[in-house]
There are 2 protein chains.
Amino acid sequence: MKGTFYGVGVGPGDPELLTLKAVRLLGAADAIIAPYSKKKGTGCAALAIVRDRLSPGAEVYELPIPRAYDEEKVEAASQAIIELLDSGKLTVFISRGDPMLYSKYMHIARRLEERGYPVETVPGVVSFTAAACRAGFPLADEEESITIVPVDDEASNIEAALRKSESVVLLKVHKNLDRIIDLLEQHGFHKQAVLISRCGMSGELIESDLEKLRGQKLTYLSTILAKKHIPAGP
Amino acid sequence: MKGTFYGVGVGPGDPELLTLKAVRLLGAADAIIAPYSKKKGTGCAALAIVRDRLSPGAEVYELPIPRAYDEEKVEAASQAIIELLDSGKLTVFISRGDPMLYSKYMHIARRLEERGYPVETVPGVVSFTAAACRAGFPLADEEESITIVPVDDEASNIEAALRKSESVVLLKVHKNLDRIIDLLEQHGFHKQAVLISRCGMSGELIESDLEKLRGQKLTYLSTILAKKHIPAGP
């Protein structure tokens with residue numbers, strides 16, 4: 001019988017936002033798969049969150065899996081995981097936030113499933129609701145729609161969201177912040193907006209006057225939450 | 001000094017998806033505010049999730065707060081909470097999922113803040129990532145955007161999302177299921193789709209062939225996750 005492969009969301013950063021199920025699996029795991037992106041050399045963000053919850057005997061395997069899909073790296077990581085599963089180890093892949101949202105986990109899980117390994121995936125708290133709670137910013141109510149946009153290099157993929165949604169979540173706003181602020185103003189999203197950078201971590205920034213942010217250098221852990229401002233009538 | 005008002009997300013339904021922080025606050029609380037919608041007479045869904053985590057001395061206040069904003073009910077609930085805070089009780093409002101996403105909590109929290117009470121909001125696991133994990137359905141990768149749409153009574157608010165997003169989350173699909181399936185087909189979202197009803201609870205349904213669902217009666221805890229199908233090239 002093939003061993004189950006577990007994927008566990010470990011939340012946005014605060015170890016107290018781990019779920020009970022995540023804590024149970026992390027404490028029982030023989031092997032922890034900690035993905036990291038070699039290019040940035042920043043190590044595995046998820047690992048810092050779970051460090052204190054691992055059993056003393058757990059072995060940590062830091063595997064290089066780039067954020068962009070890379071066939072070769074995904075295959076190599078999958079092979080390493082298969083060896084662990086075949087040797088009877090309880091193996092847990094950790095993802096920051098939730099495993100089904102912008103995580104490298106999804107490609108690995110699909111590959112393991114294709115080869116007949118049972119897969120169980122445990123959801124985690126996502127970064128943008130954690131940011132909304134921290135900033136006291138209601139994301140959406142009743143029948144409002146929300147669009148989540150990981151901002152691309154030219155910030156060209158934001159406008160469609162601003163035209164059709166009442167509420168937007170813009171992820172990775174560090175690269176084109178001034179351009180993004182321009183677009184939010186043009187579409188009436190600047191009066192109900194907040195930027196949260198390094199939510200719940202050292203160097204945290206929460207700013208609801210976007211004008212003050214122009215020209216600032218931020219880390220990629222920066223998110224803008226914004227809602228279309230409806231002027232009071234008549 | 002005014003007592004802090006806590007809002008706590010208790011996740012989608014499985015008590016093991018509570019966060020450590022939620023468990024700590026629930027165990028310490030003197031008063032639990034459990035909102036319910038009188039109209040439906042279904043009681044408070046959040047309360048069922050936390051029942052086993054409350055300290056024996058905790059008092060539960062089930063307050064009628066309709067899903068749609070109701071000035072009078074929000075004011076009455078706020079007054080009741082203010083009395084608890086002023087008498088020194090550690091008071092926790094529980095929200096299914098996350099407090100900043102489609103929760104009655106937001107209106108109460110704003111009102112308490114306006115009156116000078118410190119507010120702390122704790123995020124929870126949202127229902128749609130829990131559904132995605134359960135169904136093994138990747139929601140979005142790399143630079144894909146996602147739109148979350150609570151389907152309205154005529155299912156008229158879906159098309160804008162289908163035109164502009166790579167990935168959609170349709171909440172409350174129980175009312176116009178056949179019409180919703182038609183729209184997903186028209187816009188090429190039916191080949192990568194899954195419906196999850198009563199995720200992780202008794203009577204759970206997971207179905208990726210939407211055609212099989214036509215004419216079925218489902219509860220409002222039904223969500224469709226769908227991605228635009230890109231046909232393989234020539």
# chains A, B, ... in the order shown; residues from 1 in each chain; ligands from 1

$ interface_residues --of "chain B" --to "chain A" --cutoff "8 Å" --atoms "only C-alpha atoms" --output "mmCIF file with all heavy atoms, in the first residue's frame"
data_model
loop_
_atom_site.group_PDB
_atom_site.id
_atom_site.type_symbol
_atom_site.label_atom_id
_atom_site.label_comp_id
_atom_site.auth_asym_id
_atom_site.auth_seq_id
_atom_site.Cartn_x
_atom_site.Cartn_y
_atom_site.Cartn_z
ATOM 1 N N GLU B 16 -11.443 20.806 13.521
ATOM 2 C CA GLU B 16 -9.980 20.692 13.493
ATOM 3 C C GLU B 16 -9.354 21.789 12.626
ATOM 4 O O GLU B 16 -8.135 21.960 12.600
ATOM 5 C CB GLU B 16 -9.553 19.291 13.010
ATOM 6 C CG GLU B 16 -8.432 18.729 13.865
ATOM 7 C CD GLU B 16 -7.732 17.508 13.295
ATOM 8 O OE1 GLU B 16 -8.243 16.877 12.339
ATOM 9 O OE2 GLU B 16 -6.652 17.192 13.823
ATOM 10 N N LEU B 17 -10.180 22.538 11.912
ATOM 11 C CA LEU B 17 -9.651 23.660 11.125
ATOM 12 C C LEU B 17 -9.704 24.980 11.898
ATOM 13 O O LEU B 17 -9.453 26.047 11.349
ATOM 14 C CB LEU B 17 -10.368 23.767 9.772
ATOM 15 C CG LEU B 17 -10.102 22.588 8.824
ATOM 16 C CD1 LEU B 17 -10.866 22.765 7.507
ATOM 17 C CD2 LEU B 17 -8.611 22.407 8.538
ATOM 18 N N LEU B 18 -10.035 24.916 13.180
ATOM 19 C CA LEU B 18 -9.860 26.097 14.030
ATOM 20 C C LEU B 18 -8.367 26.411 14.148
ATOM 21 O O LEU B 18 -7.537 25.497 14.167
ATOM 22 C CB LEU B 18 -10.403 25.807 15.438
ATOM 23 C CG LEU B 18 -11.921 25.830 15.604
ATOM 24 C CD1 LEU B 18 -12.324 25.162 16.913
ATOM 25 C CD2 LEU B 18 -12.435 27.265 15.575
ATOM 26 N N THR B 19 -8.028 27.694 14.266
ATOM 27 C CA THR B 19 -6.622 28.048 14.494
ATOM 28 C C THR B 19 -6.304 27.963 15.991
ATOM 29 O O THR B 19 -7.207 27.991 16.838
ATOM 30 C CB THR B 19 -6.309 29.479 14.028
ATOM 31 O OG1 THR B 19 -7.064 30.395 14.822
ATOM 32 C CG2 THR B 19 -6.658 29.682 12.557
ATOM 33 N N LEU B 20 -5.017 27.883 16.295
ATOM 34 C CA LEU B 20 -4.596 27.866 17.701
ATOM 35 C C LEU B 20 -5.066 29.129 18.412
ATOM 36 O O LEU B 20 -5.457 29.096 19.577
ATOM 37 C CB LEU B 20 -3.069 27.772 17.786
ATOM 38 C CG LEU B 20 -2.436 26.492 17.219
ATOM 39 C CD1 LEU B 20 -0.917 26.623 17.228
ATOM 40 C CD2 LEU B 20 -2.868 25.274 18.026
ATOM 41 N N LYS B 21 -5.031 30.249 17.703
ATOM 42 C CA LYS B 21 -5.438 31.515 18.310
ATOM 43 C C LYS B 21 -6.933 31.515 18.630
ATOM 44 O O LYS B 21 -7.358 31.985 19.687
ATOM 45 C CB LYS B 21 -5.092 32.683 17.376
ATOM 46 C CG LYS B 21 -5.248 34.020 18.032
ATOM 47 C CD LYS B 21 -4.499 35.102 17.263
ATOM 48 C CE LYS B 21 -4.479 36.395 18.068
ATOM 49 N NZ LYS B 21 -3.702 37.456 17.408
ATOM 50 N N ARG B 67 -28.560 38.432 7.729
ATOM 51 C CA ARG B 67 -27.452 38.490 6.781
ATOM 52 C C ARG B 67 -27.414 39.855 6.082
ATOM 53 O O ARG B 67 -26.364 40.459 5.946
ATOM 54 C CB ARG B 67 -27.590 37.357 5.755
ATOM 55 C CG ARG B 67 -26.358 37.100 4.923
ATOM 56 C CD ARG B 67 -26.408 35.706 4.310
ATOM 57 N NE ARG B 67 -26.150 34.680 5.304
ATOM 58 C CZ ARG B 67 -24.915 34.220 5.591
ATOM 59 N NH1 ARG B 67 -23.866 34.684 4.950
ATOM 60 N NH2 ARG B 67 -24.749 33.284 6.496
ATOM 61 N N ALA B 68 -28.572 40.337 5.663
ATOM 62 C CA ALA B 68 -28.637 41.673 5.057
ATOM 63 C C ALA B 68 -28.580 42.714 6.176
ATOM 64 O O ALA B 68 -29.102 42.488 7.275
ATOM 65 C CB ALA B 68 -29.931 41.818 4.267
ATOM 66 N N ASP B 98 -14.190 33.361 7.635
ATOM 67 C CA ASP B 98 -13.363 34.504 8.050
ATOM 68 C C ASP B 98 -14.254 35.713 8.340
ATOM 69 O O ASP B 98 -15.200 35.973 7.607
ATOM 70 C CB ASP B 98 -12.388 34.839 6.920
ATOM 71 C CG ASP B 98 -11.407 35.925 7.329
ATOM 72 O OD1 ASP B 98 -11.766 37.126 7.258
ATOM 73 O OD2 ASP B 98 -10.294 35.573 7.733
ATOM 74 N N PRO B 99 -13.945 36.485 9.405
ATOM 75 C CA PRO B 99 -14.825 37.599 9.783
ATOM 76 C C PRO B 99 -14.905 38.729 8.752
ATOM 77 O O PRO B 99 -15.857 39.513 8.786
ATOM 78 C CB PRO B 99 -14.177 38.133 11.077
ATOM 79 C CG PRO B 99 -13.304 37.039 11.579
ATOM 80 C CD PRO B 99 -12.846 36.284 10.369
ATOM 81 N N MET B 100 -13.927 38.841 7.853
ATOM 82 C CA MET B 100 -13.926 39.954 6.906
ATOM 83 C C MET B 100 -14.525 39.592 5.547
ATOM 84 O O MET B 100 -14.514 40.393 4.620
ATOM 85 C CB MET B 100 -12.501 40.483 6.715
ATOM 86 C CG MET B 100 -12.007 41.245 7.935
ATOM 87 S SD MET B 100 -13.078 42.677 8.294
ATOM 88 C CE MET B 100 -12.326 43.258 9.824
ATOM 89 N N LEU B 101 -15.010 38.375 5.430
ATOM 90 C CA LEU B 101 -15.591 37.913 4.165
ATOM 91 C C LEU B 101 -17.036 37.460 4.389
ATOM 92 O O LEU B 101 -17.267 36.386 4.925
ATOM 93 C CB LEU B 101 -14.796 36.724 3.625
ATOM 94 C CG LEU B 101 -13.768 36.976 2.549
ATOM 95 C CD1 LEU B 101 -13.150 35.665 2.122
ATOM 96 C CD2 LEU B 101 -14.347 37.703 1.352
ATOM 97 N N TYR B 102 -17.979 38.290 3.957
ATOM 98 C CA TYR B 102 -19.393 37.923 4.003
ATOM 99 C C TYR B 102 -19.864 37.540 5.408
ATOM 100 O O TYR B 102 -20.618 36.586 5.578
ATOM 101 C CB TYR B 102 -19.683 36.775 3.016
ATOM 102 C CG TYR B 102 -19.172 37.029 1.628
ATOM 103 C CD1 TYR B 102 -18.141 36.289 1.067
ATOM 104 C CD2 TYR B 102 -19.721 38.060 0.868
ATOM 105 C CE1 TYR B 102 -17.665 36.549 -0.216
ATOM 106 C CE2 TYR B 102 -19.248 38.327 -0.417
ATOM 107 C CZ TYR B 102 -18.217 37.561 -0.944
ATOM 108 O OH TYR B 102 -17.750 37.833 -2.201
ATOM 109 N N SER B 103 -19.386 38.262 6.403
ATOM 110 C CA SER B 103 -19.821 37.976 7.768
ATOM 111 C C SER B 103 -20.587 39.159 8.340
ATOM 112 O O SER B 103 -20.316 40.312 8.025
ATOM 113 C CB SER B 103 -18.605 37.697 8.649
ATOM 114 O OG SER B 103 -18.980 37.773 10.017
ATOM 115 N N MET B 106 -18.715 42.370 10.540
ATOM 116 C CA MET B 106 -18.103 43.635 10.118
ATOM 117 C C MET B 106 -18.880 44.859 10.591
ATOM 118 O O MET B 106 -18.301 45.848 11.020
ATOM 119 C CB MET B 106 -17.976 43.664 8.594
ATOM 120 C CG MET B 106 -17.121 42.525 8.058
ATOM 121 S SD MET B 106 -16.919 42.541 6.246
ATOM 122 C CE MET B 106 -18.505 41.885 5.718
ATOM 123 N N GLU B 120 -10.141 43.443 18.074
ATOM 124 C CA GLU B 120 -9.121 42.571 17.467
ATOM 125 C C GLU B 120 -9.814 41.453 16.692
ATOM 126 O O GLU B 120 -10.694 40.771 17.228
ATOM 127 C CB GLU B 120 -8.190 41.974 18.532
ATOM 128 C CG GLU B 120 -7.072 41.179 17.867
ATOM 129 C CD GLU B 120 -6.043 40.596 18.822
ATOM 130 O OE1 GLU B 120 -5.924 41.058 19.964
ATOM 131 O OE2 GLU B 120 -5.364 39.640 18.375
ATOM 132 N N THR B 121 -9.423 41.327 15.429
ATOM 133 C CA THR B 121 -10.089 40.367 14.548
ATOM 134 C C THR B 121 -9.112 39.270 14.139
ATOM 135 O O THR B 121 -7.997 39.558 13.705
ATOM 136 C CB THR B 121 -10.633 41.090 13.300
ATOM 137 O OG1 THR B 121 -11.382 42.232 13.717
ATOM 138 C CG2 THR B 121 -11.531 40.176 12.491
ATOM 139 N N VAL B 122 -9.534 38.029 14.289
ATOM 140 C CA VAL B 122 -8.671 36.875 14.033
ATOM 141 C C VAL B 122 -9.172 36.134 12.789
ATOM 142 O O VAL B 122 -10.322 35.678 12.769
ATOM 143 C CB VAL B 122 -8.673 35.923 15.254
ATOM 144 C CG1 VAL B 122 -7.818 34.699 14.996
ATOM 145 C CG2 VAL B 122 -8.213 36.667 16.507
ATOM 146 N N PRO B 123 -8.324 36.021 11.758
ATOM 147 C CA PRO B 123 -8.788 35.383 10.521
ATOM 148 C C PRO B 123 -9.058 33.891 10.701
ATOM 149 O O PRO B 123 -8.538 33.270 11.633
ATOM 150 C CB PRO B 123 -7.629 35.606 9.547
ATOM 151 C CG PRO B 123 -6.418 35.770 10.416
ATOM 152 C CD PRO B 123 -6.900 36.422 11.683
ATOM 153 N N GLY B 124 -9.857 33.339 9.793
ATOM 154 C CA GLY B 124 -10.141 31.907 9.820
ATOM 155 C C GLY B 124 -9.996 31.316 8.428
ATOM 156 O O GLY B 124 -9.874 32.051 7.446
ATOM 157 N N VAL B 125 -10.001 30.008 8.334
ATOM 158 C CA VAL B 125 -9.942 29.335 7.027
ATOM 159 C C VAL B 125 -11.245 29.610 6.277
ATOM 160 O O VAL B 125 -12.327 29.434 6.835
ATOM 161 C CB VAL B 125 -9.737 27.819 7.218
ATOM 162 C CG1 VAL B 125 -9.879 27.079 5.897
ATOM 163 C CG2 VAL B 125 -8.372 27.535 7.850
ATOM 164 N N VAL B 126 -11.151 30.053 5.029
ATOM 165 C CA VAL B 126 -12.357 30.361 4.256
ATOM 166 C C VAL B 126 -12.900 29.100 3.581
ATOM 167 O O VAL B 126 -12.163 28.166 3.283
ATOM 168 C CB VAL B 126 -12.103 31.479 3.210
ATOM 169 C CG1 VAL B 126 -11.773 32.790 3.916
ATOM 170 C CG2 VAL B 126 -11.002 31.121 2.235
ATOM 171 N N THR B 129 -11.370 27.795 -0.045
ATOM 172 C CA THR B 129 -10.092 27.076 -0.150
ATOM 173 C C THR B 129 -10.228 25.694 0.498
ATOM 174 O O THR B 129 -9.617 24.734 0.040
ATOM 175 C CB THR B 129 -8.885 27.836 0.460
ATOM 176 O OG1 THR B 129 -8.993 27.883 1.875
ATOM 177 C CG2 THR B 129 -8.754 29.237 -0.108
ATOM 178 N N ALA B 130 -11.047 25.610 1.541
ATOM 179 C CA ALA B 130 -11.308 24.286 2.134
ATOM 180 C C ALA B 130 -11.937 23.364 1.092
ATOM 181 O O ALA B 130 -11.568 22.186 0.974
ATOM 182 C CB ALA B 130 -12.216 24.422 3.350
ATOM 183 N N ALA B 132 -11.606 23.645 -2.158
ATOM 184 C CA ALA B 132 -10.594 23.347 -3.184
ATOM 185 C C ALA B 132 -9.651 22.238 -2.703
ATOM 186 O O ALA B 132 -9.312 21.322 -3.464
ATOM 187 C CB ALA B 132 -9.803 24.607 -3.514
ATOM 188 N N CYS B 133 -9.249 22.301 -1.443
ATOM 189 C CA CYS B 133 -8.366 21.265 -0.893
ATOM 190 C C CYS B 133 -9.073 19.912 -0.884
ATOM 191 O O CYS B 133 -8.508 18.891 -1.265
ATOM 192 C CB CYS B 133 -7.936 21.629 0.525
ATOM 193 S SG CYS B 133 -6.737 22.982 0.587
ATOM 194 N N ARG B 134 -10.325 19.917 -0.463
ATOM 195 C CA ARG B 134 -11.096 18.679 -0.361
ATOM 196 C C ARG B 134 -11.278 18.021 -1.737
ATOM 197 O O ARG B 134 -11.206 16.806 -1.872
ATOM 198 C CB ARG B 134 -12.457 19.027 0.253
ATOM 199 C CG ARG B 134 -13.330 17.871 0.563
ATOM 200 C CD ARG B 134 -13.069 17.316 1.950
ATOM 201 N NE ARG B 134 -13.952 16.194 2.165
ATOM 202 C CZ ARG B 134 -13.571 15.016 2.633
ATOM 203 N NH1 ARG B 134 -12.323 14.815 3.002
ATOM 204 N NH2 ARG B 134 -14.428 14.045 2.773
ATOM 205 N N GLY B 136 -9.343 18.594 -4.338
ATOM 206 C CA GLY B 136 -8.081 18.538 -5.088
ATOM 207 C C GLY B 136 -8.112 19.429 -6.320
ATOM 208 O O GLY B 136 -7.614 19.073 -7.388
ATOM 209 N N PHE B 137 -8.706 20.602 -6.177
ATOM 210 C CA PHE B 137 -8.884 21.506 -7.321
ATOM 211 C C PHE B 137 -8.017 22.758 -7.133
ATOM 212 O O PHE B 137 -8.338 23.618 -6.309
ATOM 213 C CB PHE B 137 -10.359 21.914 -7.410
ATOM 214 C CG PHE B 137 -10.704 22.665 -8.672
ATOM 215 C CD1 PHE B 137 -11.095 21.989 -9.817
ATOM 216 C CD2 PHE B 137 -10.633 24.058 -8.720
ATOM 217 C CE1 PHE B 137 -11.409 22.675 -10.984
ATOM 218 C CE2 PHE B 137 -10.947 24.747 -9.881
ATOM 219 C CZ PHE B 137 -11.340 24.057 -11.018
ATOM 220 N N PRO B 138 -6.901 22.882 -7.896
ATOM 221 C CA PRO B 138 -6.053 24.070 -7.762
ATOM 222 C C PRO B 138 -6.829 25.317 -8.165
ATOM 223 O O PRO B 138 -7.423 25.360 -9.245
ATOM 224 C CB PRO B 138 -4.926 23.819 -8.764
ATOM 225 C CG PRO B 138 -4.961 22.357 -9.057
ATOM 226 C CD PRO B 138 -6.397 21.941 -8.912
ATOM 227 N N LEU B 139 -6.851 26.328 -7.301
ATOM 228 C CA LEU B 139 -7.642 27.525 -7.592
ATOM 229 C C LEU B 139 -6.932 28.461 -8.546
ATOM 230 O O LEU B 139 -7.523 28.943 -9.518
ATOM 231 C CB LEU B 139 -7.952 28.264 -6.290
ATOM 232 C CG LEU B 139 -9.098 27.684 -5.475
ATOM 233 C CD1 LEU B 139 -9.170 28.341 -4.110
ATOM 234 C CD2 LEU B 139 -10.420 27.887 -6.211
ATOM 235 N N ALA B 140 -5.692 28.796 -8.273
ATOM 236 C CA ALA B 140 -4.972 29.705 -9.165
ATOM 237 C C ALA B 140 -3.484 29.558 -8.942
ATOM 238 O O ALA B 140 -3.023 29.279 -7.844
ATOM 239 C CB ALA B 140 -5.395 31.148 -8.913
ATOM 240 N N ASP B 141 -2.741 29.772 -10.016
ATOM 241 C CA ASP B 141 -1.304 29.577 -10.014
ATOM 242 C C ASP B 141 -0.641 30.806 -10.637
ATOM 243 O O ASP B 141 -1.231 31.464 -11.501
ATOM 244 C CB ASP B 141 -1.001 28.325 -10.857
ATOM 245 C CG ASP B 141 0.414 27.817 -10.635
ATOM 246 O OD1 ASP B 141 1.062 28.248 -9.675
ATOM 247 O OD2 ASP B 141 0.868 26.987 -11.449
ATOM 248 N N GLU B 142 0.550 31.104 -10.186
ATOM 249 C CA GLU B 142 1.354 32.183 -10.761
ATOM 250 C C GLU B 142 0.579 33.490 -10.889
ATOM 251 O O GLU B 142 0.251 34.101 -9.899
ATOM 252 C CB GLU B 142 1.952 31.723 -12.101
ATOM 253 C CG GLU B 142 2.716 30.402 -11.881
ATOM 254 C CD GLU B 142 3.707 30.071 -12.955
ATOM 255 O OE1 GLU B 142 4.010 30.919 -13.797
ATOM 256 O OE2 GLU B 142 4.215 28.931 -12.937
ATOM 257 N N GLU B 143 0.255 33.920 -12.121
ATOM 258 C CA GLU B 143 -0.388 35.236 -12.225
ATOM 259 C C GLU B 143 -1.872 35.173 -12.598
ATOM 260 O O GLU B 143 -2.442 36.142 -13.097
ATOM 261 C CB GLU B 143 0.398 36.131 -13.176
ATOM 262 C CG GLU B 143 1.649 36.646 -12.457
ATOM 263 C CD GLU B 143 2.661 37.332 -13.341
ATOM 264 O OE1 GLU B 143 2.424 37.452 -14.555
ATOM 265 O OE2 GLU B 143 3.704 37.757 -12.803
ATOM 266 N N GLU B 144 -2.496 34.034 -12.357
ATOM 267 C CA GLU B 144 -3.935 33.927 -12.619
ATOM 268 C C GLU B 144 -4.732 34.730 -11.590
ATOM 269 O O GLU B 144 -4.442 34.685 -10.401
ATOM 270 C CB GLU B 144 -4.377 32.461 -12.529
ATOM 271 C CG GLU B 144 -3.913 31.599 -13.686
ATOM 272 C CD GLU B 144 -4.202 30.117 -13.467
ATOM 273 O OE1 GLU B 144 -4.576 29.732 -12.349
ATOM 274 O OE2 GLU B 144 -4.029 29.360 -14.423
ATOM 275 N N SER B 145 -5.749 35.411 -12.075
ATOM 276 C CA SER B 145 -6.644 36.102 -11.145
ATOM 277 C C SER B 145 -7.828 35.196 -10.819
ATOM 278 O O SER B 145 -8.155 34.274 -11.563
ATOM 279 C CB SER B 145 -7.132 37.420 -11.750
ATOM 280 O OG SER B 145 -7.929 37.162 -12.885
ATOM 281 N N ILE B 146 -8.444 35.464 -9.691
ATOM 282 C CA ILE B 146 -9.631 34.699 -9.257
ATOM 283 C C ILE B 146 -10.725 35.689 -8.922
ATOM 284 O O ILE B 146 -10.458 36.690 -8.256
ATOM 285 C CB ILE B 146 -9.384 33.945 -7.945
ATOM 286 C CG1 ILE B 146 -8.129 33.124 -8.034
ATOM 287 C CG2 ILE B 146 -10.570 33.078 -7.580
ATOM 288 C CD1 ILE B 146 -7.832 32.462 -6.698
ATOM 289 N N THR B 147 -11.946 35.392 -9.335
ATOM 290 C CA THR B 147 -13.063 36.222 -8.886
ATOM 291 C C THR B 147 -14.028 35.384 -8.065
ATOM 292 O O THR B 147 -14.411 34.280 -8.469
ATOM 293 C CB THR B 147 -13.786 36.871 -10.074
ATOM 294 O OG1 THR B 147 -12.836 37.656 -10.799
ATOM 295 C CG2 THR B 147 -14.903 37.794 -9.597
ATOM 296 N N ILE B 148 -14.387 35.932 -6.910
ATOM 297 C CA ILE B 148 -15.322 35.272 -5.999
ATOM 298 C C ILE B 148 -16.665 35.964 -6.155
ATOM 299 O O ILE B 148 -16.764 37.181 -5.992
ATOM 300 C CB ILE B 148 -14.836 35.408 -4.547
ATOM 301 C CG1 ILE B 148 -13.423 34.815 -4.425
ATOM 302 C CG2 ILE B 148 -15.794 34.718 -3.580
ATOM 303 C CD1 ILE B 148 -12.655 35.333 -3.221
ATOM 304 N N VAL B 149 -17.690 35.191 -6.479
ATOM 305 C CA VAL B 149 -19.004 35.771 -6.741
ATOM 306 C C VAL B 149 -20.067 35.067 -5.897
ATOM 307 O O VAL B 149 -20.317 33.880 -6.089
ATOM 308 C CB VAL B 149 -19.408 35.615 -8.230
ATOM 309 C CG1 VAL B 149 -20.705 36.362 -8.517
ATOM 310 C CG2 VAL B 149 -18.306 36.083 -9.161
ATOM 311 N N PRO B 150 -20.690 35.787 -4.955
ATOM 312 C CA PRO B 150 -21.863 35.217 -4.288
ATOM 313 C C PRO B 150 -23.032 35.369 -5.273
ATOM 314 O O PRO B 150 -23.445 36.489 -5.566
ATOM 315 C CB PRO B 150 -22.063 36.110 -3.063
ATOM 316 C CG PRO B 150 -20.907 37.093 -3.080
ATOM 317 C CD PRO B 150 -20.363 37.118 -4.457
ATOM 318 N N VAL B 151 -23.506 34.277 -5.811
ATOM 319 C CA VAL B 151 -24.469 34.337 -6.919
ATOM 320 C C VAL B 151 -25.777 34.997 -6.468
ATOM 321 O O VAL B 151 -26.331 34.636 -5.426
ATOM 322 C CB VAL B 151 -24.733 32.927 -7.475
ATOM 323 C CG1 VAL B 151 -25.727 32.984 -8.625
ATOM 324 C CG2 VAL B 151 -23.427 32.287 -7.940
ATOM 325 N N ASP B 152 -26.252 35.958 -7.247
ATOM 326 C CA ASP B 152 -27.495 36.638 -6.855
ATOM 327 C C ASP B 152 -28.719 35.845 -7.314
ATOM 328 O O ASP B 152 -28.594 34.801 -7.971
ATOM 329 C CB ASP B 152 -27.509 38.099 -7.350
ATOM 330 C CG ASP B 152 -27.594 38.208 -8.866
ATOM 331 O OD1 ASP B 152 -28.003 37.226 -9.539
ATOM 332 O OD2 ASP B 152 -27.252 39.273 -9.392
ATOM 333 N N ALA B 160 -19.868 38.773 -15.923
ATOM 334 C CA ALA B 160 -18.706 39.676 -15.920
ATOM 335 C C ALA B 160 -17.466 38.929 -15.436
ATOM 336 O O ALA B 160 -16.376 39.060 -15.998
ATOM 337 C CB ALA B 160 -18.976 40.888 -15.040
ATOM 338 N N ALA B 161 -17.646 38.108 -14.409
ATOM 339 C CA ALA B 161 -16.519 37.341 -13.874
ATOM 340 C C ALA B 161 -16.014 36.320 -14.889
ATOM 341 O O ALA B 161 -14.808 36.125 -15.055
ATOM 342 C CB ALA B 161 -16.931 36.636 -12.585
ATOM 343 N N LYS B 164 -13.790 37.916 -17.574
ATOM 344 C CA LYS B 164 -12.503 38.551 -17.256
ATOM 345 C C LYS B 164 -11.564 37.771 -16.357
ATOM 346 O O LYS B 164 -10.419 38.166 -16.195
ATOM 347 C CB LYS B 164 -12.769 39.933 -16.656
ATOM 348 C CG LYS B 164 -13.167 40.908 -17.750
ATOM 349 C CD LYS B 164 -13.775 42.174 -17.195
ATOM 350 C CE LYS B 164 -14.343 43.034 -18.312
ATOM 351 N NZ LYS B 164 -15.221 44.082 -17.768
#

$ select_by_dssp --residues "range 98-203 of chain B" --states "alpha helix (DSSP H)" --output "ChimeraX atom specification"
/B:105-114,127-135,159-164,177-186

$ select_by_dssp --residues "range 45-220 of chain B" --states "strand (DSSP E or B)" --output "MDAnalysis selection string"
chainID B and resid 59:64 91:95 97 101 119:122 140 146:150 167:171 192:197 205:207

$ atom_distance --atom1 "CA of Leu205 in chain B" --atom2 "CA of Tyr36 in chain B"
25.0 Å

$ closest_residue --among "B:His190, B:Asp70, B:Val92, B:His229" --to "Tyr6 in chain B" --atoms "only C-alpha atoms"
B:Val92

$ residues_around --residues "Leu63 in chain B" --least-positions-apart "4" --cutoff "12 Å" --atoms "only C-alpha atoms" --output "number ranges by chain"
B: 32-38, 43-44, 47, 73-81, 93-94, 104-105, 108
